[in-house]
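Trainee: One structure is given below, represented as structure tokens, and several questions about it will come after.
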Amino acid sequence: MATEYGQEYGYGREDRGARGARLPAGLRAPFEARSWREFAYVLLGLPIGVLLFTYAVTMVSLGAGLLVTFLGVPVLAAGLAGCRGLGALERTRARALLGMRVADPEPLRVRKDGLMGWVVAVLRSGTSWRHLLYAVLHFPWAVFSFGVAVSFWTYGWALLTYPLWFWLFPMYGGQGGLQLYGDESHRIYLDNPFEITVTALVGLLFTLATPWIVRALTTVDRLLVHGLLGPSRLASRVVELESDRGVVVDTAAADLRRIERDLHDGAQARLVALAMDLGLAKEKLARDPQAAARMVDEAHGEVKTALQELRDLARGIHPAVLTDRGLDAALSAVASRCAVPVRVEVDLASRPAPAIEGIAYFTVSELLQNVSKHSGARSASVDVWRSENRLMLQVVDDGVGGADARAGSGLAGLAERLDAVDGILVVDSPAGGPTRITAELPWRG
């Protein structure tokens, strides 16, 4: 049963991640490729920051100085366009060394043909000015991060390897050991075993701490790249809404196809057979009334079956009890049809928007069908409540567990349906159970 659970809804999968590294993360960090890539990013940041800052200041100053003439406007636009091009290189560098996935910003919207149309589009684009701001802000931060990273990295490895250097060069310039302090009358050298050991331990601490310091420095770079070189929040929201609209359209089309298939294969086929049986009964009515009566009786049973299929189909689209009495009664009706005992608790002082109410009903119905068919549970529970402006749903069962909402499972499709209305689906299902699936929807009452 657990295998079938996994095939349809992604249940039963094991997390085959890292099974306990031999060394703790703190000891592995100085030797990891990620740490060296981040250090390389900081090293390259200084010359690139100088280039960006010099270009930006030069072009803006030149454009501002020429504003008294007509040439200042296209020069300023050319400077902003150059900043956009350099920003593309910075996104590539962040993608290669930091592993960032920053989408390209929205392209220029040139409303008029010709040079002036392009100049106006560049000057009106907020993306162009954000790239200019990045070029200005990145330079002082690059200087600071370069100095900190190089200092920690250099001093850390130098102190850590000091015993080796002391062994190779016990005397340098007529003096033994590393000079720690010196003035006209006093000099302190690290030249005995205890001092050498302490020096190496301090170097070890510096070496172990350096990757995390560099990682903290690159976190600021990530924020700068994401906030200034990526798409704006408004543009990202528009893309998200367009994607959600596509999901809604696809879901609606799939529902229509499902309804058409169910009608064609179910009630419609029964009604066609019923019409044929009634036609035959009509022909036999005069010659063989008893046979006609039997056929009418069978047709009566077919009518009942067709009506039940139509009720089930209508219930799957939007049940009347949901419209009339709300989620409490509708979910109780769904729970009564579940193969395992289900406790339903709905704590809502009012009703959400009809569309949200319908999605909540559909979500719980799908999850309870999942419990009935695949979980192997002995009992389940459904809890519905409101948290500020969000509608919360939670379905818990004591089955085999191992549910996974990653791509390819039925839960993934359910998560996409919720995401289309700014909802969230969270699956907590360790192997062996229990499974706890929480859905969050906007209230929109």
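Ordering of the structure tokens sets the chain letters (A, B, ...); residue numbers start at 1 within each chain; ligands are numbered from 1 in the order shown.
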Tell me which protein, DNA and RNA residues are within 10 Å of Trp212 of chain A, counting only C-alpha atoms, leaving out same-chain ones fewer than 5 positions away, and put them as a count of residues only.
Mentor: 7
Trainee: Report as a PDB file with N, CA and C atoms, in the first residue's frame all protein, DNA and RNA residues lying within 10 Å of segment 63-75 of chain A, evaluated on only C-alpha atoms, omitting residues in the same chain fewer than 3 positions from it.
Mentor:
ATOM      1  N   VAL A  57      30.330  57.382 -12.149  1.00  0.00           N
ATOM      2  CA  VAL A  57      30.587  58.783 -11.768  1.00  0.00           C
ATOM      3  C   VAL A  57      31.000  59.600 -12.984  1.00  0.00           C
ATOM      4  N   THR A  58      31.827  59.030 -13.842  1.00  0.00           N
ATOM      5  CA  THR A  58      32.286  59.764 -15.021  1.00  0.00           C
ATOM      6  C   THR A  58      31.128  60.101 -15.948  1.00  0.00           C
ATOM      7  N   MET A  59      30.307  59.107 -16.250  1.00  0.00           N
ATOM      8  CA  MET A  59      29.213  59.334 -17.205  1.00  0.00           C
ATOM      9  C   MET A  59      28.153  60.253 -16.629  1.00  0.00           C
ATOM     10  N   VAL A  60      27.815  60.093 -15.357  1.00  0.00           N
ATOM     11  CA  VAL A  60      26.806  60.969 -14.760  1.00  0.00           C
ATOM     12  C   VAL A  60      27.335  62.393 -14.664  1.00  0.00           C
ATOM     13  N   ALA A  78      23.156  57.193 -22.228  1.00  0.00           N
ATOM     14  CA  ALA A  78      24.174  56.204 -22.571  1.00  0.00           C
ATOM     15  C   ALA A  78      24.863  55.677 -21.317  1.00  0.00           C
ATOM     16  N   GLY A  79      25.090  56.571 -20.330  1.00  0.00           N
ATOM     17  CA  GLY A  79      25.679  56.119 -19.078  1.00  0.00           C
ATOM     18  C   GLY A  79      24.786  55.133 -18.353  1.00  0.00           C
ATOM     19  N   LEU A  80      23.495  55.413 -18.307  1.00  0.00           N
ATOM     20  CA  LEU A  80      22.558  54.498 -17.658  1.00  0.00           C
ATOM     21  C   LEU A  80      22.478  53.159 -18.399  1.00  0.00           C
ATOM     22  N   ALA A  81      22.510  53.232 -19.742  1.00  0.00           N
ATOM     23  CA  ALA A  81      22.479  51.990 -20.519  1.00  0.00           C
ATOM     24  C   ALA A  81      23.730  51.161 -20.255  1.00  0.00           C
ATOM     25  N   LEU A 115      16.103  57.620 -31.909  1.00  0.00           N
ATOM     26  CA  LEU A 115      17.021  57.836 -30.795  1.00  0.00           C
ATOM     27  C   LEU A 115      16.326  58.438 -29.590  1.00  0.00           C
ATOM     28  N   MET A 116      15.472  59.425 -29.806  1.00  0.00           N
ATOM     29  CA  MET A 116      14.824  60.094 -28.683  1.00  0.00           C
ATOM     30  C   MET A 116      13.870  59.156 -27.945  1.00  0.00           C
ATOM     31  N   TRP A 118      14.356  55.980 -27.556  1.00  0.00           N
ATOM     32  CA  TRP A 118      15.210  55.128 -26.722  1.00  0.00           C
ATOM     33  C   TRP A 118      15.734  55.895 -25.515  1.00  0.00           C
ATOM     34  N   VAL A 119      16.142  57.163 -25.730  1.00  0.00           N
ATOM     35  CA  VAL A 119      16.657  57.982 -24.626  1.00  0.00           C
ATOM     36  C   VAL A 119      15.593  58.168 -23.553  1.00  0.00           C
ATOM     37  N   VAL A 120      14.378  58.475 -23.963  1.00  0.00           N
ATOM     38  CA  VAL A 120      13.294  58.669 -23.003  1.00  0.00           C
ATOM     39  C   VAL A 120      13.004  57.380 -22.246  1.00  0.00           C
ATOM     40  N   VAL A 122      15.102  54.917 -21.562  1.00  0.00           N
ATOM     41  CA  VAL A 122      16.180  54.651 -20.600  1.00  0.00           C
ATOM     42  C   VAL A 122      16.033  55.536 -19.374  1.00  0.00           C
ATOM     43  N   LEU A 123      15.766  56.833 -19.597  1.00  0.00           N
ATOM     44  CA  LEU A 123      15.675  57.772 -18.477  1.00  0.00           C
ATOM     45  C   LEU A 123      14.443  57.497 -17.613  1.00  0.00           C
TER      46      LEU A 123
END
Trainee: Between A:Ile48, A:Leu97, A:Met392, A:Ile437, which is the closest to Asn370 of chain A once you count only C-alpha atoms?
Mentor: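 Comparing A:Ile48, A:Leu97, A:Met392, A:Ile437 against Asn370 of chain A, the winner is A:Ile437.
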Trainee: What is the distance between atom CA of Gly147 of chain A and atom CA of Val42 of chain A, in Å to one decimal?
Mentor: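 Atom-to-atom, atom CA of Gly147 of chain A and atom CA of Val42 of chain A are spaced 9.4 Å apart.
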Trainee: Give the strand (DSSP E) residues of segment 269-418 of chain A, as DSSP finds them on the backbone, and put them as a list in words.
Mentor: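 Those residues are Val342, Arg343, Val344, Glu345, Val346, Asp347, Ala380, Ser381, Val382, Asp383, Val384, Trp385, Arg386, Ser387, Arg390, Leu391, Met392, Leu393, Gln394, Val395, Val396 and Asp397 of chain A.
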Trainee: Take the residues from that selection and write them out as a compact mmCIF listing (two decimals), in the first residue's frame, keeping N, CA and C atoms.
Mentor:
# COMPACT_ATOMS: atom_id res chain seq x y z
N VAL A 342 -13.20 10.08 10.66
CA VAL A 342 -12.60 11.41 10.55
C VAL A 342 -13.30 12.35 11.52
N ARG A 343 -12.49 13.03 12.32
CA ARG A 343 -13.02 14.06 13.22
C ARG A 343 -12.90 15.40 12.52
N VAL A 344 -13.99 16.15 12.45
CA VAL A 344 -14.02 17.45 11.78
C VAL A 344 -14.31 18.53 12.81
N GLU A 345 -13.48 19.56 12.83
CA GLU A 345 -13.68 20.70 13.73
C GLU A 345 -13.47 21.97 12.93
N VAL A 346 -14.53 22.75 12.77
CA VAL A 346 -14.48 24.01 12.02
C VAL A 346 -14.79 25.14 12.99
N ASP A 347 -13.81 26.03 13.16
CA ASP A 347 -13.95 27.15 14.08
C ASP A 347 -13.91 28.45 13.30
N ALA A 380 -8.36 9.86 11.16
CA ALA A 380 -7.88 11.13 10.62
C ALA A 380 -8.68 12.26 11.26
N SER A 381 -8.18 13.46 11.08
CA SER A 381 -8.87 14.64 11.63
C SER A 381 -8.71 15.80 10.66
N VAL A 382 -9.73 16.67 10.67
CA VAL A 382 -9.73 17.88 9.85
C VAL A 382 -10.02 19.06 10.77
N ASP A 383 -9.13 20.05 10.74
CA ASP A 383 -9.32 21.27 11.54
C ASP A 383 -9.28 22.47 10.61
N VAL A 384 -10.25 23.36 10.80
CA VAL A 384 -10.35 24.57 9.99
C VAL A 384 -10.52 25.75 10.94
N TRP A 385 -9.69 26.77 10.77
CA TRP A 385 -9.82 27.95 11.60
C TRP A 385 -9.30 29.16 10.85
N ARG A 386 -9.53 30.31 11.43
CA ARG A 386 -9.07 31.57 10.82
C ARG A 386 -7.96 32.17 11.66
N SER A 387 -6.87 32.59 10.99
CA SER A 387 -5.76 33.26 11.66
C SER A 387 -5.54 34.60 10.97
N ARG A 390 -6.09 34.95 7.14
CA ARG A 390 -5.80 33.71 6.45
C ARG A 390 -6.74 32.61 6.93
N LEU A 391 -7.15 31.76 6.00
CA LEU A 391 -7.96 30.58 6.31
C LEU A 391 -7.02 29.39 6.40
N MET A 392 -7.02 28.73 7.54
CA MET A 392 -6.09 27.62 7.80
C MET A 392 -6.84 26.29 7.76
N LEU A 393 -6.26 25.30 7.07
CA LEU A 393 -6.80 23.95 7.00
C LEU A 393 -5.70 22.98 7.41
N GLN A 394 -6.07 21.98 8.16
CA GLN A 394 -5.09 20.97 8.55
C GLN A 394 -5.74 19.59 8.56
N VAL A 395 -5.13 18.66 7.84
CA VAL A 395 -5.59 17.28 7.77
C VAL A 395 -4.49 16.40 8.32
N VAL A 396 -4.82 15.59 9.32
CA VAL A 396 -3.84 14.73 9.99
C VAL A 396 -4.35 13.29 9.93
N ASP A 397 -3.44 12.36 9.60
CA ASP A 397 -3.80 10.94 9.66
C ASP A 397 -2.65 10.16 10.29
Trainee: To one decimal place in Å, what is the distance between atom CA of Asp398 of chain A and atom CA of Ser372 of chain A?
Mentor: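 Separation between atom CA of Asp398 of chain A and atom CA of Ser372 of chain A: 11.7 Å.
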Trainee: Determine, for each residue of segment 60-179 of chain A having at least one atom at most 8 Å from an atom of segment 197-202 of chain A, the closest pair of atoms and their separation in Å to one decimal, counting only C-alpha atoms; order by chain and ascending number, as a Markdown table.
Mentor:
| residue | atom | partner | partner_atom | distance |
| --- | --- | --- | --- | --- |
| A:Gly156 | CA | A:Val202 | CA | 7.7 |
| A:Leu159 | CA | A:Ala200 | CA | 5.4 |
| A:Leu160 | CA | A:Ala200 | CA | 4.3 |
| A:Thr161 | CA | A:Ala200 | CA | 6.7 |
| A:Tyr162 | CA | A:Ala200 | CA | 6.4 |
| A:Pro163 | CA | A:Ala200 | CA | 7.0 |
Trainee: Using only C-alpha atoms, determine which residues lie at most 9 Å from Pro341 of chain A, disregarding the query and same-chain residues fewer than 3 positions distant; provide the list as an NGL selection string.
Mentor: :A and (335-336 or 338 or 378-381)
Trainee: Write the residues of the preceding selection, restricted to all heavy atoms, as a PDB file, in the first residue's frame.
Mentor:
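Contents of out_36.pdb, freshly written:
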ATOM      1  N   ALA A 335     -16.348  13.970   5.141  1.00  0.00           N
ATOM      2  CA  ALA A 335     -15.744  13.065   6.131  1.00  0.00           C
ATOM      3  C   ALA A 335     -16.579  11.805   6.319  1.00  0.00           C
ATOM      4  O   ALA A 335     -16.038  10.725   6.560  1.00  0.00           O
ATOM      5  CB  ALA A 335     -15.569  13.795   7.453  1.00  0.00           C
ATOM      6  N   SER A 336     -17.898  11.935   6.209  1.00  0.00           N
ATOM      7  CA  SER A 336     -18.754  10.759   6.390  1.00  0.00           C
ATOM      8  C   SER A 336     -18.559   9.732   5.292  1.00  0.00           C
ATOM      9  O   SER A 336     -18.857   8.549   5.477  1.00  0.00           O
ATOM     10  CB  SER A 336     -20.223  11.194   6.446  1.00  0.00           C
ATOM     11  OG  SER A 336     -20.636  11.737   5.197  1.00  0.00           O
ATOM     12  N   CYS A 338     -15.583   9.121   3.942  1.00  0.00           N
ATOM     13  CA  CYS A 338     -14.200   8.658   4.001  1.00  0.00           C
ATOM     14  C   CYS A 338     -14.158   7.219   4.524  1.00  0.00           C
ATOM     15  O   CYS A 338     -15.002   6.798   5.319  1.00  0.00           O
ATOM     16  CB  CYS A 338     -13.370   9.575   4.888  1.00  0.00           C
ATOM     17  SG  CYS A 338     -11.587   9.233   4.852  1.00  0.00           S
ATOM     18  N   ARG A 378      -5.778   4.549  10.328  1.00  0.00           N
ATOM     19  CA  ARG A 378      -6.923   4.055  11.105  1.00  0.00           C
ATOM     20  C   ARG A 378      -7.859   5.184  11.499  1.00  0.00           C
ATOM     21  O   ARG A 378      -9.026   4.952  11.809  1.00  0.00           O
ATOM     22  CB  ARG A 378      -6.416   3.336  12.350  1.00  0.00           C
ATOM     23  CG  ARG A 378      -5.636   2.071  12.065  1.00  0.00           C
ATOM     24  CD  ARG A 378      -5.242   1.352  13.344  1.00  0.00           C
ATOM     25  NE  ARG A 378      -4.416   2.205  14.192  1.00  0.00           N
ATOM     26  CZ  ARG A 378      -3.089   2.289  14.091  1.00  0.00           C
ATOM     27  NH1 ARG A 378      -2.453   1.595  13.151  1.00  0.00           N
ATOM     28  NH2 ARG A 378      -2.402   3.063  14.910  1.00  0.00           N
ATOM     29  N   SER A 379      -7.363   6.411  11.502  1.00  0.00           N
ATOM     30  CA  SER A 379      -8.203   7.558  11.839  1.00  0.00           C
ATOM     31  C   SER A 379      -7.571   8.804  11.253  1.00  0.00           C
ATOM     32  O   SER A 379      -6.388   8.811  10.882  1.00  0.00           O
ATOM     33  CB  SER A 379      -8.354   7.709  13.365  1.00  0.00           C
ATOM     34  OG  SER A 379      -7.094   7.973  13.968  1.00  0.00           O
ATOM     35  N   ALA A 380      -8.365   9.861  11.164  1.00  0.00           N
ATOM     36  CA  ALA A 380      -7.880  11.134  10.619  1.00  0.00           C
ATOM     37  C   ALA A 380      -8.677  12.256  11.261  1.00  0.00           C
ATOM     38  O   ALA A 380      -9.723  12.037  11.895  1.00  0.00           O
ATOM     39  CB  ALA A 380      -8.017  11.171   9.091  1.00  0.00           C
ATOM     40  N   SER A 381      -8.176  13.462  11.082  1.00  0.00           N
ATOM     41  CA  SER A 381      -8.865  14.637  11.626  1.00  0.00           C
ATOM     42  C   SER A 381      -8.711  15.799  10.663  1.00  0.00           C
ATOM     43  O   SER A 381      -7.713  15.904   9.936  1.00  0.00           O
ATOM     44  CB  SER A 381      -8.297  15.023  13.001  1.00  0.00           C
ATOM     45  OG  SER A 381      -6.940  15.407  12.896  1.00  0.00           O
TER      46      SER A 381
END
Trainee: To one decimal in Å, tell me the separation between atom CA of Arg294 of chain A and atom CA of Asp277 of chain A.
Mentor: 10.4 Å
Trainee: Would you mind listing what lies within 10 Å of His226 of chain A as a JSON list (two decimals) with C-alpha atoms, in the first residue's frame, with only C-alpha atoms counted and same-chain residues fewer than 5 positions away left out?
Mentor:
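Generated output (result.json):
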[["chain", "number", "residue", "atom", "x", "y", "z"],
["A", 91, "ARG", "CA", 24.40, 38.99, -12.37],
["A", 94, "ALA", "CA", 26.87, 36.24, -8.89],
["A", 100, "MET", "CA", 22.36, 33.05, -7.22],
["A", 101, "ARG", "CA", 19.43, 32.80, -9.61],
["A", 102, "VAL", "CA", 18.53, 36.41, -10.25],
["A", 103, "ALA", "CA", 16.07, 36.95, -13.07],
["A", 220, "VAL", "CA", 25.27, 41.79, 1.71],
["A", 221, "ASP", "CA", 26.36, 41.37, -1.92],
["A", 231, "PRO", "CA", 13.41, 42.74, -11.37],
["A", 232, "SER", "CA", 11.46, 45.12, -9.17]]
